[in-house]
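Have a look at target_39.cif below; it lists mmCIF, C-alpha atoms, pLDDT in the B column; chains and numbers go by the auth columns.
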```
data_upload
#
loop_
_atom_site.group_PDB
_atom_site.id
_atom_site.type_symbol
_atom_site.label_atom_id
_atom_site.label_comp_id
_atom_site.label_asym_id
_atom_site.label_seq_id
_atom_site.Cartn_x
_atom_site.Cartn_y
_atom_site.Cartn_z
_atom_site.B_iso_or_equiv
_atom_site.auth_seq_id
_atom_site.auth_asym_id
ATOM 1 C CA MET A 1 -14.294 0.626 -10.788 80.00 277 G
ATOM 2 C CA GLY A 2 -11.340 -1.724 -11.014 92.00 278 G
ATOM 3 C CA LYS A 3 -10.607 -5.236 -12.177 96.00 279 G
ATOM 4 C CA ILE A 4 -7.643 -7.532 -11.526 97.00 280 G
ATOM 5 C CA ILE A 5 -7.202 -11.112 -12.736 97.00 281 G
ATOM 6 C CA LEU A 6 -4.919 -13.296 -10.590 96.00 282 G
ATOM 7 C CA PHE A 7 -3.314 -16.472 -11.958 96.00 283 G
ATOM 8 C CA GLU A 8 -1.927 -19.555 -10.166 94.00 284 G
ATOM 9 C CA GLU A 9 1.178 -19.821 -12.340 93.00 285 G
ATOM 10 C CA ARG A 10 3.775 -17.428 -13.709 93.00 286 G
ATOM 11 C CA ASN A 11 3.225 -15.823 -17.134 96.00 287 G
ATOM 12 C CA LEU A 12 -0.548 -15.501 -16.652 97.00 288 G
ATOM 13 C CA MET A 13 -1.054 -19.266 -16.793 96.00 289 G
ATOM 14 C CA GLY A 14 -3.138 -21.745 -14.823 95.00 290 G
ATOM 15 C CA ARG A 15 -6.413 -21.242 -13.032 95.00 291 G
ATOM 16 C CA SER A 16 -7.474 -17.644 -12.497 96.00 292 G
ATOM 17 C CA VAL A 17 -9.845 -15.542 -10.432 95.00 293 G
ATOM 18 C CA GLU A 18 -11.205 -12.052 -11.161 96.00 294 G
ATOM 19 C CA CYS A 19 -11.560 -9.464 -8.400 96.00 295 G
ATOM 20 C CA MET A 20 -13.407 -6.171 -8.702 96.00 296 G
ATOM 21 C CA SER A 21 -13.320 -5.342 -4.991 95.00 297 G
ATOM 22 C CA ASP A 22 -11.352 -6.274 -1.862 96.00 298 G
ATOM 23 C CA CYS A 23 -10.467 -9.961 -1.544 95.00 299 G
ATOM 24 C CA PRO A 24 -9.043 -10.775 1.918 96.00 300 G
ATOM 25 C CA GLU A 25 -8.395 -14.480 1.173 95.00 301 G
ATOM 26 C CA LEU A 26 -7.337 -15.669 -2.282 92.00 302 G
ATOM 27 C CA THR A 27 -6.273 -19.184 -1.258 87.00 303 G
ATOM 28 C CA SER A 28 -9.906 -20.285 -1.069 86.00 304 G
ATOM 29 C CA ASN A 29 -10.051 -19.848 -4.876 86.00 305 G
ATOM 30 C CA LEU A 30 -6.418 -20.443 -5.921 88.00 306 G
ATOM 31 C CA SER A 31 -3.759 -22.701 -4.393 85.00 307 G
ATOM 32 C CA ARG A 32 -1.307 -19.838 -4.988 86.00 308 G
ATOM 33 C CA CYS A 33 -1.046 -16.649 -7.042 92.00 309 G
ATOM 34 C CA MET A 34 2.132 -16.080 -9.036 93.00 310 G
ATOM 35 C CA SER A 35 1.074 -13.588 -11.768 94.00 311 G
ATOM 36 C CA CYS A 36 -1.676 -11.063 -12.485 96.00 312 G
ATOM 37 C CA ARG A 37 -3.157 -8.561 -14.887 97.00 313 G
ATOM 38 C CA VAL A 38 -4.766 -5.285 -13.805 96.00 314 G
ATOM 39 C CA GLU A 39 -7.341 -4.378 -16.433 96.00 315 G
ATOM 40 C CA SER A 40 -8.542 -1.193 -14.740 94.00 316 G
ATOM 41 C CA GLY A 41 -8.039 0.756 -11.541 92.00 317 G
ATOM 42 C CA CYS A 42 -5.371 0.326 -8.870 94.00 318 G
ATOM 43 C CA PHE A 43 -4.876 -2.587 -6.498 96.00 319 G
ATOM 44 C CA MET A 44 -2.655 -3.322 -3.524 95.00 320 G
ATOM 45 C CA ILE A 45 -1.512 -6.935 -3.433 95.00 321 G
ATOM 46 C CA TYR A 46 -0.411 -8.547 -0.158 93.00 322 G
ATOM 47 C CA GLU A 47 1.806 -11.527 0.652 90.00 323 G
ATOM 48 C CA ARG A 48 -0.499 -12.628 3.492 89.00 324 G
ATOM 49 C CA SER A 49 -4.246 -12.980 3.973 91.00 325 G
ATOM 50 C CA ASN A 50 -6.357 -10.160 5.416 93.00 326 G
ATOM 51 C CA PHE A 51 -4.224 -7.423 3.820 92.00 327 G
ATOM 52 C CA MET A 52 -1.125 -8.117 5.917 88.00 328 G
ATOM 53 C CA GLY A 53 2.586 -8.385 5.250 85.00 329 G
ATOM 54 C CA ASN A 54 4.587 -7.074 2.306 87.00 330 G
ATOM 55 C CA GLN A 55 2.461 -5.211 -0.182 90.00 331 G
ATOM 56 C CA HIS A 56 2.820 -3.631 -3.584 93.00 332 G
ATOM 57 C CA LEU A 57 0.749 -1.143 -5.600 94.00 333 G
ATOM 58 C CA LEU A 58 -0.290 -2.259 -9.076 95.00 334 G
ATOM 59 C CA THR A 59 -1.717 -0.104 -11.839 93.00 335 G
ATOM 60 C CA ARG A 60 -2.988 -1.152 -15.256 93.00 336 G
ATOM 61 C CA GLY A 61 -0.747 -3.782 -16.857 94.00 337 G
ATOM 62 C CA GLU A 62 0.652 -7.267 -16.327 94.00 338 G
ATOM 63 C CA VAL A 63 2.982 -8.830 -13.785 93.00 339 G
ATOM 64 C CA SER A 64 4.235 -12.113 -15.234 93.00 340 G
ATOM 65 C CA ASP A 65 6.180 -13.104 -12.101 92.00 341 G
ATOM 66 C CA ILE A 66 5.061 -11.913 -8.657 90.00 342 G
ATOM 67 C CA THR A 67 8.357 -13.123 -7.118 87.00 343 G
ATOM 68 C CA SER A 68 10.095 -10.244 -8.901 82.00 344 G
ATOM 69 C CA LEU A 69 8.263 -7.758 -6.634 77.00 345 G
ATOM 70 C CA ILE A 70 9.727 -6.703 -3.296 68.00 346 G
ATOM 71 C CA GLY A 71 9.127 -9.445 -0.716 69.00 347 G
ATOM 72 C CA MET A 72 6.505 -11.376 -2.707 76.00 348 G
ATOM 73 C CA SER A 73 8.412 -14.671 -2.967 78.00 349 G
ATOM 74 C CA SER A 74 5.467 -16.719 -1.681 81.00 350 G
ATOM 75 C CA GLY A 75 2.931 -15.144 -4.041 87.00 351 G
ATOM 76 C CA VAL A 76 -0.179 -13.091 -3.312 92.00 352 G
ATOM 77 C CA LYS A 77 -2.689 -14.065 -0.611 93.00 353 G
ATOM 78 C CA SER A 78 -5.020 -11.003 -0.661 95.00 354 G
ATOM 79 C CA CYS A 79 -5.714 -7.866 -2.691 96.00 355 G
ATOM 80 C CA ARG A 80 -7.477 -4.559 -2.143 96.00 356 G
ATOM 81 C CA LEU A 81 -9.049 -2.169 -4.656 95.00 357 G
ATOM 82 C CA ILE A 82 -7.830 1.406 -4.175 94.00 358 G
ATOM 83 C CA PRO A 83 -10.804 3.722 -4.744 90.00 359 G
ATOM 84 C CA MET A 84 -10.361 6.771 -6.949 87.00 360 G
ATOM 85 C CA HIS A 85 -10.080 10.006 -4.993 88.00 361 G
ATOM 86 C CA ARG A 86 -10.695 13.407 -6.506 86.00 362 G
ATOM 87 C CA GLY A 87 -10.061 16.253 -4.146 90.00 363 G
ATOM 88 C CA GLN A 88 -7.617 17.302 -1.485 94.00 364 G
ATOM 89 C CA PHE A 89 -5.190 15.078 0.381 96.00 365 G
ATOM 90 C CA ARG A 90 -4.604 15.486 4.112 97.00 366 G
ATOM 91 C CA MET A 91 -2.863 13.246 6.606 98.00 367 G
ATOM 92 C CA ARG A 92 -1.456 13.743 10.101 98.00 368 G
ATOM 93 C CA ILE A 93 1.612 11.688 10.896 97.00 369 G
ATOM 94 C CA TYR A 94 2.839 11.019 14.425 97.00 370 G
ATOM 95 C CA GLU A 95 6.269 10.063 15.681 94.00 371 G
ATOM 96 C CA ARG A 96 4.888 7.480 18.135 94.00 372 G
ATOM 97 C CA GLU A 97 2.073 4.934 18.245 94.00 373 G
ATOM 98 C CA ASN A 98 -1.471 5.863 19.328 96.00 374 G
ATOM 99 C CA LEU A 99 -1.342 9.226 17.540 97.00 375 G
ATOM 100 C CA SER A 100 1.134 10.678 20.010 96.00 376 G
ATOM 101 C CA GLY A 101 4.459 12.489 19.953 95.00 377 G
ATOM 102 C CA GLN A 102 5.514 15.030 17.360 95.00 378 G
ATOM 103 C CA MET A 103 2.771 15.585 14.738 97.00 379 G
ATOM 104 C CA ASN A 104 2.901 17.017 11.220 97.00 380 G
ATOM 105 C CA GLU A 105 -0.040 17.599 8.902 97.00 381 G
ATOM 106 C CA LEU A 106 0.632 16.824 5.237 97.00 382 G
ATOM 107 C CA MET A 107 -1.151 17.830 2.068 96.00 383 G
ATOM 108 C CA ASP A 108 1.600 16.805 -0.339 96.00 384 G
ATOM 109 C CA ASP A 109 4.246 14.092 -0.817 96.00 385 G
ATOM 110 C CA VAL A 110 7.232 13.986 1.554 97.00 386 G
ATOM 111 C CA GLU A 111 10.448 12.559 0.098 97.00 387 G
ATOM 112 C CA ASN A 112 12.339 12.381 3.400 97.00 388 G
ATOM 113 C CA ILE A 113 10.700 12.953 6.802 96.00 389 G
ATOM 114 C CA GLN A 114 14.051 13.417 8.558 95.00 390 G
ATOM 115 C CA GLU A 115 15.172 16.236 6.269 96.00 391 G
ATOM 116 C CA GLN A 116 11.837 17.902 5.529 96.00 392 G
ATOM 117 C CA LEU A 117 9.972 17.474 8.832 96.00 393 G
ATOM 118 C CA ARG A 118 12.743 16.816 11.370 94.00 394 G
ATOM 119 C CA MET A 119 11.021 13.565 12.417 94.00 395 G
ATOM 120 C CA SER A 120 12.917 10.346 13.094 89.00 396 G
ATOM 121 C CA ASP A 121 10.015 8.004 12.274 88.00 397 G
ATOM 122 C CA CYS A 122 6.262 7.775 11.700 93.00 398 G
ATOM 123 C CA GLN A 123 4.623 5.122 13.879 93.00 399 G
ATOM 124 C CA SER A 124 0.966 6.160 13.519 95.00 400 G
ATOM 125 C CA CYS A 125 -1.170 8.368 11.316 96.00 401 G
ATOM 126 C CA GLN A 126 -4.618 9.764 10.737 98.00 402 G
ATOM 127 C CA VAL A 127 -5.670 9.982 7.094 98.00 403 G
ATOM 128 C CA LEU A 128 -8.187 12.802 6.804 97.00 404 G
ATOM 129 C CA GLU A 129 -8.567 12.903 3.012 96.00 405 G
ATOM 130 C CA GLY A 130 -7.298 10.732 0.173 95.00 406 G
ATOM 131 C CA HIS A 131 -5.261 7.546 0.047 95.00 407 G
ATOM 132 C CA TRP A 132 -1.519 7.396 0.807 96.00 408 G
ATOM 133 C CA LEU A 133 1.516 5.116 0.543 95.00 409 G
ATOM 134 C CA LEU A 134 4.128 5.049 3.315 95.00 410 G
ATOM 135 C CA PHE A 135 7.646 3.912 2.338 95.00 411 G
ATOM 136 C CA GLU A 136 10.511 2.504 4.407 92.00 412 G
ATOM 137 C CA GLN A 137 13.171 4.503 2.536 94.00 413 G
ATOM 138 C CA PRO A 138 13.466 8.128 1.446 96.00 414 G
ATOM 139 C CA HIS A 139 12.388 9.078 -2.081 97.00 415 G
ATOM 140 C CA PHE A 140 9.493 6.548 -2.168 95.00 416 G
ATOM 141 C CA ARG A 141 11.653 3.431 -2.251 94.00 417 G
ATOM 142 C CA GLY A 142 11.617 0.105 -0.448 90.00 418 G
ATOM 143 C CA ARG A 143 8.664 -1.667 1.078 89.00 419 G
ATOM 144 C CA MET A 144 5.382 0.237 1.240 92.00 420 G
ATOM 145 C CA ILE A 145 2.208 0.383 3.296 93.00 421 G
ATOM 146 C CA TYR A 146 -1.164 1.580 1.994 95.00 422 G
ATOM 147 C CA VAL A 147 -3.231 3.712 4.381 95.00 423 G
ATOM 148 C CA LYS A 148 -6.834 4.673 3.687 94.00 424 G
ATOM 149 C CA PRO A 149 -8.956 7.322 5.439 96.00 425 G
ATOM 150 C CA GLY A 150 -9.195 6.755 9.188 96.00 426 G
ATOM 151 C CA GLU A 151 -6.924 6.321 12.197 97.00 427 G
ATOM 152 C CA HIS A 152 -3.956 3.973 12.023 95.00 428 G
ATOM 153 C CA ARG A 153 -2.742 3.779 15.625 94.00 429 G
ATOM 154 C CA SER A 154 0.164 1.429 14.972 92.00 430 G
ATOM 155 C CA ILE A 155 1.995 1.008 11.675 86.00 431 G
ATOM 156 C CA ARG A 156 3.822 -1.961 13.259 81.00 432 G
ATOM 157 C CA GLU A 157 0.536 -3.843 13.720 81.00 433 G
ATOM 158 C CA MET A 158 -0.221 -3.659 10.008 76.00 434 G
ATOM 159 C CA GLY A 159 2.020 -6.665 9.440 65.00 435 G
ATOM 160 C CA MET A 160 5.283 -4.740 9.048 66.00 436 G
ATOM 161 C CA ASN A 161 6.885 -5.049 12.486 70.00 437 G
ATOM 162 C CA SER A 162 10.426 -3.919 11.712 75.00 438 G
ATOM 163 C CA MET A 163 9.603 -1.229 9.156 83.00 439 G
ATOM 164 C CA LYS A 164 10.617 2.380 9.720 89.00 440 G
ATOM 165 C CA ILE A 165 8.679 4.963 7.668 93.00 441 G
ATOM 166 C CA MET A 166 10.883 7.497 5.850 95.00 442 G
ATOM 167 C CA SER A 167 8.707 8.936 3.018 96.00 443 G
ATOM 168 C CA MET A 168 5.068 9.169 1.978 96.00 444 G
ATOM 169 C CA ARG A 169 3.221 9.718 -1.296 95.00 445 G
ATOM 170 C CA ARG A 170 -0.368 10.525 -2.230 95.00 446 G
ATOM 171 C CA ILE A 171 -2.093 7.995 -4.480 93.00 447 G
ATOM 172 C CA THR A 172 -3.289 10.425 -7.128 82.00 448 G
ATOM 173 C CA ASP A 173 -4.295 10.082 -10.757 64.00 449 G
ATOM 174 C CA MET A 174 -2.065 6.984 -11.249 65.00 450 G
ATOM 175 C CA CYS A 175 -5.194 4.931 -10.479 66.00 451 G
ATOM 176 C CA MET A 176 -7.542 6.499 -13.022 57.00 452 G
#
```

Encoded form (structure tokens):
Amino acid sequence: MGKIILFEERNLMGRSVECMSDCPELTSNLSRCMSCRVESGCFMIYERSNFMGNQHLLTRGEVSDITSLIGMSSGVKSCRLIPMHRGQFRMRIYERENLSGQMNELMDDVENIQEQLRMSDCQSCQVLEGHWLLFEQPHFRGRMIYVKPGEHRSIREMGMNSMKIMSMRRITDMCM
């Protein structure tokens, strides 16, 4: 179970809304969202509605100014609860869209796909177990994309057109 409180103004001020599950459209409740507090669980926040655009993983704590996060200058428009996962992690990553091209199956974090897997990019994936973050730079830096169990046939269609995936990390006990 998770809980996030989103505020219209910086420094946890102004009107607020509580979310304990996915919220694809925050602007129906708030004119904008510029700060938040995660009371429990893990949440992905998104700069656009329907879980699109730049995103950032939040764990328990406060963010007094959303604009300080990577690419969140316009505030938060949607958020998603990341469910807890206890068990193995497995994901297949593919060099091209539609689950084609070179494939590698992962069970652990990869800091640099070029060095470790001899892949130039990851354009699609199939998450078999667990929840993962894909990063645009090696060593889990830069913009990120959350992928949940299922097929993701085009990373580009997830609202990150120009992003090249260079590392990936399991979302483990950081959300407990």

### Task
Excluding Val423 in chain G and residues on its chain fewer than 3 positions from it, collect all residues at most 12 Å away from it, counting all atoms listed in the file, and give them as a PyMOL selection string.
chain G and resi 320+327+331+333+356+358-359+366-369+400-411+420+426-431+434+444-447

### Task
Work out how far apart CA of Ser292 in chain G and CA of Met348 in chain G are and give it in Å to one decimal.
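Distance between the two atoms: 18.2 Å.
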
### Query
Any chance you could work out the residue set of the PyMOL selection byres ((chain G and resi 314) around 9) here, as a ChimeraX atom specification?
/G:278-282,312-313,315-319,334-339

Residues of range 320-437 of chain G that approach range 301-304 of chain G to 10 Å or less, counting all atoms listed in the file: could you list each one with the shortest pair of atoms and its distance in Å to one decimal, rows by chain and increasing residue number, as JSON lines?
```
{"residue": "G:Arg324", "atom": "CA", "partner": "G:Glu301", "partner_atom": "CA", "distance": 8.4}
{"residue": "G:Ser325", "atom": "CA", "partner": "G:Glu301", "partner_atom": "CA", "distance": 5.2}
{"residue": "G:Asn326", "atom": "CA", "partner": "G:Glu301", "partner_atom": "CA", "distance": 6.4}
{"residue": "G:Phe327", "atom": "CA", "partner": "G:Glu301", "partner_atom": "CA", "distance": 8.6}
{"residue": "G:Val352", "atom": "CA", "partner": "G:Leu302", "partner_atom": "CA", "distance": 7.7}
{"residue": "G:Lys353", "atom": "CA", "partner": "G:Leu302", "partner_atom": "CA", "distance": 5.2}
{"residue": "G:Ser354", "atom": "CA", "partner": "G:Glu301", "partner_atom": "CA", "distance": 5.2}
{"residue": "G:Cys355", "atom": "CA", "partner": "G:Leu302", "partner_atom": "CA", "distance": 8.0}
```

### Message
Between CA of Ser443 in chain G and CA of Tyr370 in chain G, what distance in Å does the model show, to one decimal?
### Response
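Interatomic distance, CA of Ser443 in chain G to CA of Tyr370 in chain G: 13.0 Å.
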
### Task
Give me the result of the PyMOL selection byres ((chain G and resi 378) around 12) on this file, residue by residue, as a PyMOL selection string.
chain G and resi 368-377+379-381+389+393-401

### Query
Using all atoms listed in the file, which of G:Leu357, G:Met289, G:Tyr422, G:Pro414 sits nearest Ser340 in chain G?
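With all atoms listed in the file as the atom set, the closest residue is G:Met289.
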
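Here the residues that fall within 7 Å of (6.2, -2.7, -1.0), using all atoms listed in the file, are given as Asn330, Gln331, His332, Ile346, Gly418, Arg419, Met420 and Ile421 of chain G.
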
### Query
Got a sec to resolve the PyMOL selection byres ((chain G and resi 362) around 9) on this structure and send the residues as a ChimeraX atom specification?
/G:360-361,363-365,406,448-449

Can I get the selection written as a tab-separated table (two decimals), in the coordinates of the input, with C-alpha atoms?
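Printed below is result02.tsv as written:
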```tsv
chain	number	residue	atom	x	y	z
G	360	MET	CA	-10.36	6.77	-6.95
G	361	HIS	CA	-10.08	10.01	-4.99
G	363	GLY	CA	-10.06	16.25	-4.15
G	364	GLN	CA	-7.62	17.30	-1.48
G	365	PHE	CA	-5.19	15.08	0.38
G	406	GLY	CA	-7.30	10.73	0.17
G	448	THR	CA	-3.29	10.42	-7.13
G	449	ASP	CA	-4.30	10.08	-10.76
```

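One distance worth recording is that between CA of Asp341 in chain G and CA of Asn437 in chain G, which is 25.9 Å.
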
### Query
Using only C-alpha atoms, which residue out of G:Gly351, G:Cys295, G:Leu345, G:Ile441 lies closest to Glu387 in chain G?
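Under the stated criterion, the closest residue is G:Ile441.
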
Any chance you could work out the axis-aligned box around range 407-421 of chain G, listed atoms only, 5 Å on each side, giving centre and edge lengths in Å to one decimal, as JSON?
```
{"center_x": 4.1, "center_y": 3.7, "center_z": 1.1, "size_x": 28.7, "size_y": 20.7, "size_z": 16.7}
```
